[in-house]
>>> print(open('data-v1.tsv').read())   # TSV, C-alpha atoms and all ligand atoms
chain	number	residue	atom	x	y	z
A	1	MET	CA	99.79	78.33	95.73
A	2	THR	CA	100.12	81.93	94.67
A	3	ALA	CA	97.34	84.14	93.35
A	4	ASP	CA	98.90	83.71	89.93
A	5	VAL	CA	96.88	80.51	89.95
A	6	VAL	CA	93.40	81.83	90.50
A	7	PRO	CA	91.13	79.26	92.06
A	8	ALA	CA	87.95	79.18	90.00
A	9	GLY	CA	85.21	79.40	92.63
A	10	GLU	CA	81.58	78.52	92.01
A	11	ARG	CA	80.65	81.90	93.41
A	12	ASP	CA	82.85	83.86	91.03
A	13	LEU	CA	81.16	85.96	88.39
A	14	ILE	CA	84.32	87.66	87.14
A	15	ARG	CA	87.79	86.20	86.81
A	16	VAL	CA	90.71	88.29	85.62
A	17	GLU	CA	93.90	86.43	84.78
A	18	HIS	CA	97.34	87.89	84.16
A	19	LEU	CA	95.93	91.13	82.81
A	20	ARG	CA	98.53	93.54	81.44
A	21	LYS	CA	98.41	96.87	79.71
A	22	LEU	CA	101.64	98.44	78.55
A	23	TYR	CA	101.82	101.76	76.75
A	24	PRO	CA	104.87	102.24	74.55
A	25	VAL	CA	106.70	105.51	75.10
A	26	ARG	CA	108.09	106.94	71.88
A	27	ARG	CA	110.53	109.69	71.15
A	28	ARG	CA	110.04	111.50	67.91
A	29	GLY	CA	113.20	111.68	65.81
A	30	VAL	CA	113.78	113.71	62.66
A	31	PHE	CA	112.45	111.00	60.33
A	32	ARG	CA	110.64	108.56	62.55
A	33	SER	CA	109.76	107.95	66.15
A	34	ARG	CA	111.32	105.13	68.13
A	35	GLN	CA	110.21	103.37	71.28
A	36	THR	CA	112.28	104.50	74.24
A	37	GLY	CA	110.42	102.72	77.02
A	38	GLU	CA	107.02	101.59	78.21
A	39	ILE	CA	104.51	102.50	80.84
A	40	ARG	CA	103.46	99.40	82.76
A	41	ALA	CA	99.99	100.71	83.64
A	42	VAL	CA	98.67	97.26	84.63
A	43	ASP	CA	101.38	94.77	85.28
A	44	ASP	CA	100.07	91.20	85.36
A	45	ILE	CA	97.18	91.16	87.79
A	46	SER	CA	94.72	88.40	88.63
A	47	PHE	CA	91.62	88.53	90.81
A	48	THR	CA	88.07	87.30	91.04
A	49	ILE	CA	84.80	88.98	91.91
A	50	ARG	CA	82.07	86.92	93.52
A	51	ARG	CA	78.50	87.03	92.38
A	52	GLY	CA	76.60	89.74	94.28
A	53	GLU	CA	79.59	91.27	96.03
A	54	THR	CA	81.33	94.59	95.72
A	55	LEU	CA	85.04	94.39	95.21
A	56	GLY	CA	86.72	97.70	96.03
A	57	LEU	CA	89.83	98.58	94.02
A	58	VAL	CA	91.83	101.27	95.76
A	59	GLY	CA	95.16	102.99	95.26
A	60	GLU	CA	96.68	106.38	94.59
A	61	SER	CA	95.94	108.18	91.36
A	62	GLY	CA	97.87	106.72	88.42
A	63	CYS	CA	98.25	103.21	89.90
A	64	GLY	CA	96.27	101.59	87.08
A	65	LYS	CA	92.70	101.28	88.39
A	66	THR	CA	90.94	102.78	85.38
A	67	THR	CA	93.21	100.94	82.97
A	68	THR	CA	92.32	97.66	84.70
A	69	ALA	CA	88.61	98.39	84.44
A	70	ARG	CA	88.72	99.49	80.82
A	71	ALA	CA	90.85	96.56	79.78
A	72	MET	CA	88.46	94.11	81.51
A	73	LEU	CA	85.57	95.47	79.45
A	74	HIS	CA	87.69	95.79	76.33
A	75	LEU	CA	87.10	99.54	76.20
A	76	ILE	CA	90.85	99.50	75.61
A	77	GLU	CA	92.73	96.53	74.26
A	78	PRO	CA	94.84	94.81	76.91
A	79	THR	CA	98.40	93.84	76.03
A	80	SER	CA	97.80	90.32	77.35
A	81	GLY	CA	95.72	88.35	79.83
A	82	SER	CA	92.12	87.24	80.07
A	83	ALA	CA	88.90	88.39	81.67
A	84	PHE	CA	86.11	85.87	82.13
A	85	PHE	CA	82.47	86.68	82.74
A	86	GLY	CA	81.16	83.37	84.05
A	87	ASP	CA	82.46	80.96	81.41
A	88	VAL	CA	82.72	83.57	78.67
A	89	ASP	CA	86.19	84.80	77.76
A	90	VAL	CA	85.32	88.46	77.29
A	91	LEU	CA	88.52	89.48	75.57
A	92	GLU	CA	88.32	86.56	73.16
A	93	VAL	CA	84.76	87.53	72.21
A	94	PHE	CA	85.93	91.06	71.37
A	95	ALA	CA	89.01	89.79	69.56
A	96	GLU	CA	86.78	87.67	67.33
A	97	GLY	CA	84.57	90.71	66.79
A	98	ARG	CA	81.23	88.95	66.27
A	99	ARG	CA	78.70	91.75	66.67
A	100	GLU	CA	75.98	89.65	68.26
A	101	ASP	CA	78.31	88.19	70.89
A	102	THR	CA	80.00	91.49	71.68
A	103	LEU	CA	76.62	93.19	72.14
A	104	LYS	CA	75.49	90.35	74.39
A	105	ILE	CA	78.54	90.69	76.64
A	106	ARG	CA	78.32	94.52	76.63
A	107	ARG	CA	74.80	94.21	77.97
A	108	ARG	CA	75.89	92.12	80.90
A	109	MET	CA	78.83	94.35	81.92
A	110	GLN	CA	78.41	98.10	82.28
A	111	TYR	CA	80.53	101.09	83.28
A	112	VAL	CA	79.66	104.14	85.38
A	113	PHE	CA	82.18	106.88	84.67
A	114	GLN	CA	83.84	109.30	87.04
A	115	ASP	CA	82.60	112.44	85.36
A	116	PRO	CA	79.01	112.13	84.19
A	117	TYR	CA	79.25	115.51	82.48
A	118	LEU	CA	81.94	114.30	80.13
A	119	SER	CA	80.27	110.96	79.49
A	120	LEU	CA	76.80	112.35	78.67
A	121	ASN	CA	76.08	113.85	75.27
A	122	PRO	CA	75.30	117.54	76.00
A	123	ARG	CA	73.02	117.80	72.95
A	124	TRP	CA	70.84	114.89	73.95
A	125	THR	CA	67.92	115.02	76.34
A	126	ILE	CA	68.05	112.53	79.17
A	127	ALA	CA	65.36	110.53	77.34
A	128	GLN	CA	67.59	110.28	74.25
A	129	THR	CA	70.54	109.19	76.39
A	130	LEU	CA	68.53	106.54	78.21
A	131	LEU	CA	66.74	105.26	75.10
A	132	GLU	CA	69.95	104.88	73.09
A	133	PRO	CA	70.79	101.51	74.75
A	134	PHE	CA	67.26	100.30	73.87
A	135	ARG	CA	67.96	101.16	70.24
A	136	VAL	CA	71.30	99.40	70.20
A	137	HIS	CA	70.39	96.29	72.16
A	138	ARG	CA	66.71	95.90	71.18
A	139	HIS	CA	66.03	94.17	74.49
A	140	VAL	CA	62.87	96.17	75.24
A	141	PRO	CA	59.91	96.13	72.81
A	142	GLU	CA	59.34	99.64	71.45
A	143	ALA	CA	55.83	99.78	72.90
A	144	ASP	CA	57.41	99.52	76.38
A	145	TRP	CA	60.12	102.15	75.93
A	146	HIS	CA	58.26	104.95	77.68
A	147	ARG	CA	57.21	102.82	80.62
A	148	ARG	CA	60.73	101.48	81.02
A	149	LEU	CA	62.25	104.97	80.71
A	150	VAL	CA	60.08	106.24	83.57
A	151	GLU	CA	60.90	103.13	85.59
A	152	LEU	CA	64.62	103.80	85.13
A	153	LEU	CA	64.29	107.43	86.19
A	154	HIS	CA	62.40	106.43	89.33
A	155	LEU	CA	64.93	103.72	90.06
A	156	VAL	CA	67.70	106.31	90.37
A	157	GLY	CA	65.58	108.88	92.23
A	158	LEU	CA	64.63	111.12	89.29
A	159	GLU	CA	61.19	112.11	87.99
A	160	GLU	CA	59.49	111.66	84.64
A	161	TYR	CA	59.80	115.36	83.74
A	162	HIS	CA	63.60	115.06	83.97
A	163	ALA	CA	63.51	112.99	80.78
A	164	TRP	CA	63.04	116.09	78.62
A	165	ARG	CA	65.92	118.07	80.09
A	166	TYR	CA	69.54	118.36	79.02
A	167	PRO	CA	72.61	117.44	81.10
A	168	HIS	CA	73.54	121.11	81.77
A	169	GLU	CA	70.20	121.61	83.53
A	170	PHE	CA	71.17	119.10	86.21
A	171	SER	CA	73.33	119.20	89.30
A	172	GLY	CA	76.40	116.95	89.48
A	173	GLY	CA	74.58	114.44	91.67
A	174	GLN	CA	71.60	114.30	89.28
A	175	ARG	CA	73.92	113.83	86.31
A	176	GLN	CA	75.56	110.90	88.04
A	177	ARG	CA	72.07	109.45	88.64
A	178	VAL	CA	71.56	109.67	84.88
A	179	GLY	CA	74.95	107.97	84.35
A	180	ILE	CA	73.82	105.16	86.63
A	181	ALA	CA	70.42	104.90	84.91
A	182	ARG	CA	72.16	104.63	81.53
A	183	ALA	CA	74.28	101.75	82.81
A	184	LEU	CA	71.17	100.04	84.20
A	185	ALA	CA	69.16	100.55	81.02
A	186	VAL	CA	70.51	97.30	79.57
A	187	GLU	CA	69.80	95.30	82.77
A	188	PRO	CA	73.43	94.35	83.43
A	189	GLU	CA	74.67	91.85	85.99
A	190	PHE	CA	78.04	93.46	86.57
A	191	VAL	CA	78.74	97.19	86.90
A	192	ILE	CA	82.11	98.89	87.19
A	193	CYS	CA	81.80	102.13	89.14
A	194	ASP	CA	84.97	104.12	88.44
A	195	GLU	CA	85.33	106.92	91.01
A	196	PRO	CA	81.57	107.56	90.72
A	197	VAL	CA	81.51	110.20	93.46
A	198	SER	CA	84.98	111.75	93.13
A	199	SER	CA	83.80	114.63	90.95
A	200	LEU	CA	80.77	115.39	93.16
A	201	ASP	CA	80.29	117.81	96.05
A	202	VAL	CA	80.96	116.16	99.37
A	203	SER	CA	77.34	116.86	100.36
A	204	VAL	CA	75.89	114.59	97.67
A	205	ARG	CA	78.49	111.80	97.72
A	206	ALA	CA	76.71	109.85	100.46
A	207	GLN	CA	73.42	109.99	98.55
A	208	ILE	CA	74.98	108.48	95.44
A	209	LEU	CA	76.83	105.83	97.45
A	210	ASN	CA	73.59	104.92	99.22
A	211	LEU	CA	71.84	104.72	95.86
A	212	LEU	CA	74.51	102.34	94.53
A	213	VAL	CA	74.14	100.12	97.60
A	214	GLU	CA	70.33	100.11	97.33
A	215	LEU	CA	70.41	99.31	93.62
A	216	GLN	CA	72.82	96.46	94.20
A	217	ALA	CA	70.42	94.81	96.65
A	218	LYS	CA	67.33	95.49	94.51
A	219	LEU	CA	68.82	94.31	91.20
A	220	ARG	CA	71.28	91.71	92.56
A	221	LEU	CA	74.21	93.46	90.94
A	222	THR	CA	77.89	92.66	91.24
A	223	TYR	CA	80.17	95.71	91.48
A	224	LEU	CA	83.77	96.61	90.96
A	225	TYR	CA	83.99	99.85	92.91
A	226	ILE	CA	87.06	101.92	92.07
A	227	SER	CA	88.31	104.83	94.13
A	228	HIS	CA	91.40	106.51	95.50
A	229	ASP	CA	89.28	107.33	98.54
A	230	LEU	CA	89.35	104.67	101.22
A	231	SER	CA	86.34	105.85	103.18
A	232	SER	CA	83.95	105.36	100.25
A	233	VAL	CA	85.59	102.01	99.46
A	234	ARG	CA	85.02	100.94	103.02
A	235	PHE	CA	81.38	102.00	102.88
A	236	VAL	CA	80.41	100.02	99.78
A	237	SER	CA	82.83	97.06	99.55
A	238	ASN	CA	82.75	93.49	100.79
A	239	ARG	CA	86.35	92.85	99.79
A	240	VAL	CA	89.10	95.25	98.86
A	241	ALA	CA	92.07	94.97	96.52
A	242	VAL	CA	94.87	97.47	97.11
A	243	MET	CA	96.76	98.43	93.97
A	244	TYR	CA	100.20	100.01	93.73
A	245	LEU	CA	101.99	100.87	90.50
A	246	GLY	CA	100.13	98.38	88.33
A	247	LYS	CA	100.04	95.46	90.81
A	248	ILE	CA	97.62	94.24	93.46
A	249	VAL	CA	99.62	94.16	96.70
A	250	GLU	CA	96.93	93.06	99.16
A	251	MET	CA	93.40	91.74	98.94
A	252	ALA	CA	91.14	90.96	101.90
A	253	ALA	CA	87.65	91.23	103.35
A	254	VAL	CA	86.92	94.87	104.07
A	255	ASP	CA	86.90	94.53	107.88
A	256	GLU	CA	90.11	92.53	107.91
A	257	LEU	CA	91.88	95.01	105.70
A	258	PHE	CA	90.77	98.03	107.70
A	259	SER	CA	91.38	96.54	111.13
A	260	HIS	CA	94.67	94.87	110.26
A	261	PRO	CA	96.35	95.98	107.05
A	262	MET	CA	99.33	93.68	106.49
A	263	HIS	CA	100.99	95.37	103.54
A	264	HIS	CA	102.95	98.50	104.41
A	265	TYR	CA	101.31	100.35	101.55
A	266	SER	CA	97.78	99.45	102.73
A	267	TYR	CA	98.75	100.64	106.20
A	268	ALA	CA	100.15	103.87	104.82
A	269	LEU	CA	96.98	104.52	102.81
A	270	LEU	CA	94.81	103.87	105.85
A	271	THR	CA	96.75	106.09	108.17
A	272	ALA	CA	96.65	108.81	105.52
A	273	ILE	CA	92.84	109.08	105.81
A	274	PRO	CA	92.36	112.66	106.94
A	275	VAL	CA	89.21	112.24	109.04
A	276	PRO	CA	89.71	110.92	112.57
A	277	ASP	CA	88.39	107.38	112.68
A	278	PRO	CA	88.58	105.33	115.86
A	279	ASP	CA	88.83	102.09	113.87
A	280	VAL	CA	91.82	103.17	111.84
A	281	PRO	CA	95.16	102.20	113.36
A	282	ALA	CA	96.73	105.08	115.23
A	283	GLY	CA	100.04	106.47	114.11
A	284	ARG	CA	101.43	108.85	111.58
A	285	SER	CA	101.18	108.11	107.91
A	286	VAL	CA	104.31	106.50	106.56
A	287	LEU	CA	103.36	107.40	103.01
A	288	VAL	CA	106.28	109.60	102.13
A	289	GLY	CA	107.82	110.40	98.79
A	290	GLU	CA	106.30	110.60	95.34
A	291	VAL	CA	104.75	107.66	93.54
A	292	PRO	CA	107.52	106.51	91.17
A	293	SER	CA	106.72	106.74	87.46
A	294	ALA	CA	105.01	103.74	85.88
A	295	MET	CA	107.81	103.99	83.31
A	296	ARG	CA	110.49	103.31	85.91
A	297	ILE	CA	109.04	100.73	88.25
A	298	PRO	CA	111.50	99.91	91.04
A	299	GLN	CA	113.14	96.47	91.08
A	300	GLY	CA	112.09	93.93	93.69
A	301	CYS	CA	109.09	95.10	95.70
A	302	ARG	CA	107.90	98.16	93.82
A	303	PHE	CA	106.97	99.87	97.10
A	304	HIS	CA	110.47	99.55	98.59
A	305	PRO	CA	111.65	103.15	98.02
A	306	ARG	CA	108.75	104.36	100.20
A	307	CYS	CA	108.58	101.49	102.68
A	308	PRO	CA	109.90	101.94	106.23
A	309	ALA	CA	110.42	98.16	106.61
A	310	ALA	CA	112.36	97.55	103.38
A	311	THR	CA	115.42	95.28	103.57
A	312	GLU	CA	117.85	93.96	101.00
A	313	VAL	CA	115.52	91.20	99.80
A	314	CYS	CA	112.82	93.81	99.13
A	315	ARG	CA	115.17	95.67	96.80
A	316	THR	CA	115.90	92.60	94.69
A	317	VAL	CA	113.09	90.03	94.88
A	318	GLU	CA	109.53	90.87	93.88
A	319	PRO	CA	107.17	89.33	96.47
A	320	PRO	CA	104.39	87.26	94.85
A	321	LEU	CA	100.76	87.81	95.83
A	322	ALA	CA	100.17	84.76	98.04
A	323	PRO	CA	97.63	83.52	100.61
A	324	ALA	CA	98.23	85.10	104.01
A	325	GLY	CA	95.61	83.41	106.18
A	326	GLY	CA	91.83	83.34	105.82
A	327	ASP	CA	90.64	85.05	102.69
A	328	ARG	CA	93.65	87.34	102.43
A	329	LEU	CA	96.24	87.60	99.67
A	330	LEU	CA	99.41	89.55	100.29
A	331	ALA	CA	102.60	90.48	98.42
A	332	CYS	CA	105.16	91.40	101.09
A	333	HIS	CA	108.39	89.88	102.47
A	334	HIS	CA	107.92	91.39	105.94
A	335	PRO	CA	104.19	91.75	106.65
A	336	ARG	CA	103.08	94.09	109.39
B	1	LIG	N1	96.40	106.28	76.96
B	1	LIG	C1	97.47	106.26	77.76
B	1	LIG	N2	98.71	106.41	77.24
B	1	LIG	C2	99.80	106.39	78.01
B	1	LIG	N3	99.77	106.20	79.35
B	1	LIG	C3	98.58	106.05	79.93
B	1	LIG	C4	97.36	106.08	79.17
B	1	LIG	N4	96.31	105.89	80.03
B	1	LIG	C5	96.87	105.76	81.26
B	1	LIG	N5	98.20	105.85	81.21
B	1	LIG	C6	99.16	105.74	82.35
B	1	LIG	O1	98.89	104.51	82.97
B	1	LIG	C7	99.01	104.62	84.38
B	1	LIG	C8	97.72	104.19	85.04
B	1	LIG	O2	96.69	105.12	84.73
B	1	LIG	P1	95.19	104.94	85.24
B	1	LIG	O3	94.76	103.55	84.96
B	1	LIG	O4	94.38	106.03	84.67
B	1	LIG	O5	95.34	105.13	86.82
B	1	LIG	P2	94.22	105.41	87.94
B	1	LIG	O6	92.89	105.14	87.36
B	1	LIG	O7	94.59	104.46	89.04
B	1	LIG	O8	94.41	106.83	88.36
B	1	LIG	C9	99.40	106.07	84.66
B	1	LIG	O9	100.80	106.13	84.78
B	1	LIG	C10	98.91	106.78	83.43
B	1	LIG	O10	99.69	107.94	83.20
B	2	LIG	S1	108.17	93.57	100.50
B	2	LIG	FE1	109.57	94.82	101.70
B	2	LIG	S2	109.49	96.83	100.74
B	2	LIG	FE2	107.72	95.72	100.02
B	2	LIG	S3	106.10	96.29	101.41
B	2	LIG	FE3	106.99	94.41	102.20
B	2	LIG	S4	108.56	95.09	103.65
B	2	LIG	FE4	108.01	96.86	102.39
B	3	MG	MG	91.20	106.43	87.27
>>> encode(input="data-v1.tsv", output="structure tokens")
Amino acid sequence: MTADVVPAGERDLIRVEHLRKLYPVRRRGVFRSRQTGEIRAVDDISFTIRRGETLGLVGESGCGKTTTARAMLHLIEPTSGSAFFGDVDVLEVFAEGRREDTLKIRRRMQYVFQDPYLSLNPRWTIAQTLLEPFRVHRHVPEADWHRRLVELLHLVGLEEYHAWRYPHEFSGGQRQRVGIARALAVEPEFVICDEPVSSLDVSVRAQILNLLVELQAKLRLTYLYISHDLSSVRFVSNRVAVMYLGKIVEMAAVDELFSHPMHHYSYALLTAIPVPDPDVPAGRSVLVGEVPSAMRIPQGCRFHPRCPAATEVCRTVEPPLAPAGGDRLLACHHPR
């Protein structure tokens, strides 16, 4: 069995199957533009997320993490593939465009963005931002709006008086709290956190990560936690998927991945963590060379130009993501 056939587990809340997102690359001619290539931002990936867990999605910048997340929620239209929320085919619901059904699924799946400053309307007070989902979804009776607004602010560690302020009056950490409150306003079951602390000062990152962990326990949330930063992924995740140039190359329980990375790319990422960590395998980072362009993905194993263990087969045959013992999936001809 390969991971191309995703076993549908009872515990799975989210199931992504053969998701792809290609961007055509066009060159403008004198009269018309023509397609000269394509960017394979997400290149046929499948994975599941279990109810109540945090799946970490990690990889260098540009490997397709955000595209995966946005395509799953139909914030961008995927080229092909499916994303299921329980039994609901999310992408089919959006394709059919029935307002009631799309609103229903939007309520259950929410997105916390990397840069809360860009995702919050600067002309709206925090109250306006947080009440907007109430207006759209009508899931809270109007008489309860104020009570629920205050509840939301308290939930993310803010105070009632913050409701009347504007985003520019807040610190980065406080703005991200508002971003989280906005996602929670619709009482979702699944939240995608896309680099939620990457734009914040190092001093407040731990607070926001702790808040996310607390909220998950309190509200029984399921998370997809996206980051290029392995230490935060390690802190919040139960399982981790490592992504390279549009593909998942390894997926395992967090402790297994960190104590024994089997893919050479996972190992390289881990040894590239700058802070000394006794649990991280010793040795110099093998992550040399630039990430190749998503327009020119190498043949065979796409990591082979940067892999110290590459052989002939790696240059010609793409390794499938396949079970590699226990809960682990791996795409490598010569595992570490
Ligand atoms: N709208 C777009 N048009 C063309 N290429 C895009 C677009 N969005 C993303 N890409 C490309 O897709 C690849 C994956 O991007 P992204 O998903 O943002 O990566 P990550 O979130 O891992 O940093 C990159 O090569 C990026 O340049
Ligand atoms: S398949 Fe080959 S090139 Fe790719 S990671 Fe494994 S050993 Fe390296
Ligand atoms: Mg991104």
>>> residues_near_ligand(input="data-v1.tsv", ligand="ligand LIG 1 (chain B)", cutoff="6 Å", atoms="all atoms listed in the file", output="PyMOL selection string")
chain A and resi 23+41+61-67+294
>>> closest_atom_pairs(input="data-v1.tsv", of="chain A", to="ligand LIG 2 (chain B)", cutoff="10 Å", atoms="only C-alpha atoms and all ligand atoms", output="CSV")
residue,atom,partner,partner_atom,distance
A:Val249,CA,B:LIG2,S3,8.3
A:Glu250,CA,B:LIG2,S3,10.0
A:Met262,CA,B:LIG2,FE3,8.8
A:His263,CA,B:LIG2,S3,5.6
A:His264,CA,B:LIG2,S3,4.9
A:Tyr265,CA,B:LIG2,S3,6.3
A:Ser266,CA,B:LIG2,S3,9.0
A:Tyr267,CA,B:LIG2,S3,9.8
A:Gly300,CA,B:LIG2,S1,7.9
A:Cys301,CA,B:LIG2,FE2,4.6
A:Arg302,CA,B:LIG2,FE2,6.7
A:Phe303,CA,B:LIG2,FE2,5.1
A:His304,CA,B:LIG2,S2,3.6
A:Pro305,CA,B:LIG2,S2,7.2
A:Arg306,CA,B:LIG2,S2,7.6
A:Cys307,CA,B:LIG2,FE4,4.7
A:Pro308,CA,B:LIG2,FE4,6.6
A:Ala309,CA,B:LIG2,S4,4.7
A:Ala310,CA,B:LIG2,S2,4.0
A:Thr311,CA,B:LIG2,FE1,6.2
A:Glu312,CA,B:LIG2,FE1,8.4
A:Val313,CA,B:LIG2,FE1,7.2
A:Cys314,CA,B:LIG2,FE1,4.3
A:Arg315,CA,B:LIG2,S2,7.0
A:Thr316,CA,B:LIG2,FE1,9.7
A:Val317,CA,B:LIG2,S1,8.3
A:Glu318,CA,B:LIG2,S1,7.3
A:Pro319,CA,B:LIG2,S1,5.9
A:Pro320,CA,B:LIG2,S1,9.3
A:Leu330,CA,B:LIG2,FE3,9.2
A:Ala331,CA,B:LIG2,S1,6.7
A:Cys332,CA,B:LIG2,FE3,3.7
A:His333,CA,B:LIG2,S1,4.2
A:His334,CA,B:LIG2,S4,4.4
A:Pro335,CA,B:LIG2,FE3,5.9
A:Arg336,CA,B:LIG2,S4,8.0
>>> closest_atom_pairs(input="data-v1.tsv", of="chain A", to="ligand MG 3 (chain B)", cutoff="12 Å", atoms="all atoms listed in the file", output="JSON lines")
{"residue": "A:Ala41", "atom": "CA", "partner": "B:MG3", "partner_atom": "MG", "distance": 11.1}
{"residue": "A:Leu57", "atom": "CA", "partner": "B:MG3", "partner_atom": "MG", "distance": 10.4}
{"residue": "A:Val58", "atom": "CA", "partner": "B:MG3", "partner_atom": "MG", "distance": 10.0}
{"residue": "A:Gly59", "atom": "CA", "partner": "B:MG3", "partner_atom": "MG", "distance": 9.6}
{"residue": "A:Glu60", "atom": "CA", "partner": "B:MG3", "partner_atom": "MG", "distance": 9.1}
{"residue": "A:Ser61", "atom": "CA", "partner": "B:MG3", "partner_atom": "MG", "distance": 6.5}
{"residue": "A:Gly62", "atom": "CA", "partner": "B:MG3", "partner_atom": "MG", "distance": 6.8}
{"residue": "A:Cys63", "atom": "CA", "partner": "B:MG3", "partner_atom": "MG", "distance": 8.2}
{"residue": "A:Gly64", "atom": "CA", "partner": "B:MG3", "partner_atom": "MG", "distance": 7.0}
{"residue": "A:Lys65", "atom": "CA", "partner": "B:MG3", "partner_atom": "MG", "distance": 5.5}
{"residue": "A:Thr66", "atom": "CA", "partner": "B:MG3", "partner_atom": "MG", "distance": 4.1}
{"residue": "A:Thr67", "atom": "CA", "partner": "B:MG3", "partner_atom": "MG", "distance": 7.3}
{"residue": "A:Thr68", "atom": "CA", "partner": "B:MG3", "partner_atom": "MG", "distance": 9.2}
{"residue": "A:Ala69", "atom": "CA", "partner": "B:MG3", "partner_atom": "MG", "distance": 8.9}
{"residue": "A:Arg70", "atom": "CA", "partner": "B:MG3", "partner_atom": "MG", "distance": 9.8}
{"residue": "A:Val112", "atom": "CA", "partner": "B:MG3", "partner_atom": "MG", "distance": 11.9}
{"residue": "A:Phe113", "atom": "CA", "partner": "B:MG3", "partner_atom": "MG", "distance": 9.4}
{"residue": "A:Gln114", "atom": "CA", "partner": "B:MG3", "partner_atom": "MG", "distance": 7.9}
{"residue": "A:Asp115", "atom": "CA", "partner": "B:MG3", "partner_atom": "MG", "distance": 10.7}
{"residue": "A:Ile192", "atom": "CA", "partner": "B:MG3", "partner_atom": "MG", "distance": 11.8}
{"residue": "A:Cys193", "atom": "CA", "partner": "B:MG3", "partner_atom": "MG", "distance": 10.5}
{"residue": "A:Asp194", "atom": "CA", "partner": "B:MG3", "partner_atom": "MG", "distance": 6.7}
{"residue": "A:Glu195", "atom": "CA", "partner": "B:MG3", "partner_atom": "MG", "distance": 7.0}
{"residue": "A:Pro196", "atom": "CA", "partner": "B:MG3", "partner_atom": "MG", "distance": 10.3}
{"residue": "A:Ser198", "atom": "CA", "partner": "B:MG3", "partner_atom": "MG", "distance": 10.1}
{"residue": "A:Ser199", "atom": "CA", "partner": "B:MG3", "partner_atom": "MG", "distance": 11.6}
{"residue": "A:Tyr225", "atom": "CA", "partner": "B:MG3", "partner_atom": "MG", "distance": 11.3}
{"residue": "A:Ile226", "atom": "CA", "partner": "B:MG3", "partner_atom": "MG", "distance": 7.8}
{"residue": "A:Ser227", "atom": "CA", "partner": "B:MG3", "partner_atom": "MG", "distance": 7.6}
{"residue": "A:His228", "atom": "CA", "partner": "B:MG3", "partner_atom": "MG", "distance": 8.2}
{"residue": "A:Asp229", "atom": "CA", "partner": "B:MG3", "partner_atom": "MG", "distance": 11.5}
{"residue": "A:Met243", "atom": "CA", "partner": "B:MG3", "partner_atom": "MG", "distance": 11.8}
>>> closest_residue(input="data-v1.tsv", among="A:Arg98, A:Arg106, A:Glu53, A:Phe47", to="His74 (chain A)", atoms="only C-alpha atoms")
A:Arg106
>>> atom_distance(input="data-v1.tsv", atom1="CA of Lys247 (chain A)", atom2="CA of Leu19 (chain A)")
10.0 Å
>>> atom_distance(input="data-v1.tsv", atom1="CA of Tyr244 (chain A)", atom2="CA of Val191 (chain A)")
22.7 Å
>>> atom_distance(input="data-v1.tsv", atom1="CA of Arg40 (chain A)", atom2="CA of Asp89 (chain A)")
23.2 Å
>>> closest_residue(input="data-v1.tsv", among="A:Leu200, A:Leu73, A:Leu152, A:Met295", to="Arg107 (chain A)", atoms="all atoms listed in the file")
A:Leu73
>>> closest_residue(input="data-v1.tsv", among="A:Arg11, A:Lys104, A:Arg26, A:Arg296", to="Gly86 (chain A)", atoms="only C-alpha atoms")
A:Arg11
>>> closest_residue(input="data-v1.tsv", among="A:Glu151, A:Leu245, A:Leu257, A:Pro141", to="Ser293 (chain A)", atoms="all atoms listed in the file")
A:Leu245
>>> closest_residue(input="data-v1.tsv", among="A:Asp327, A:Asp255, A:Glu17, A:Asp144", to="Ala83 (chain A)", atoms="only C-alpha atoms")
A:Glu17
>>> build_atoms(input="data-v1.tsv", residues="region 160-168 of chain A", atoms="N, CA and C atoms", output="compact mmCIF listing (two decimals), in the coordinates of the input")
# COMPACT_ATOMS: atom_id res chain seq x y z
N GLU A 160 59.77 111.78 86.07
CA GLU A 160 59.49 111.66 84.64
C GLU A 160 59.84 112.94 83.87
N TYR A 161 59.55 114.10 84.48
CA TYR A 161 59.80 115.36 83.74
C TYR A 161 61.29 115.58 83.46
N HIS A 162 62.16 114.92 84.22
CA HIS A 162 63.60 115.06 83.97
C HIS A 162 64.00 114.52 82.60
N ALA A 163 63.17 113.64 82.05
CA ALA A 163 63.51 112.99 80.78
C ALA A 163 63.70 113.99 79.65
N TRP A 164 63.02 115.14 79.75
CA TRP A 164 63.04 116.09 78.62
C TRP A 164 64.08 117.19 78.81
N ARG A 165 64.88 117.05 79.82
CA ARG A 165 65.92 118.07 80.09
C ARG A 165 67.27 117.64 79.53
N TYR A 166 68.18 118.60 79.52
CA TYR A 166 69.54 118.36 79.02
C TYR A 166 70.52 118.28 80.20
N PRO A 167 71.66 117.61 79.99
CA PRO A 167 72.61 117.44 81.10
C PRO A 167 72.97 118.74 81.84
N HIS A 168 73.10 119.88 81.09
CA HIS A 168 73.54 121.11 81.77
C HIS A 168 72.49 121.65 82.73
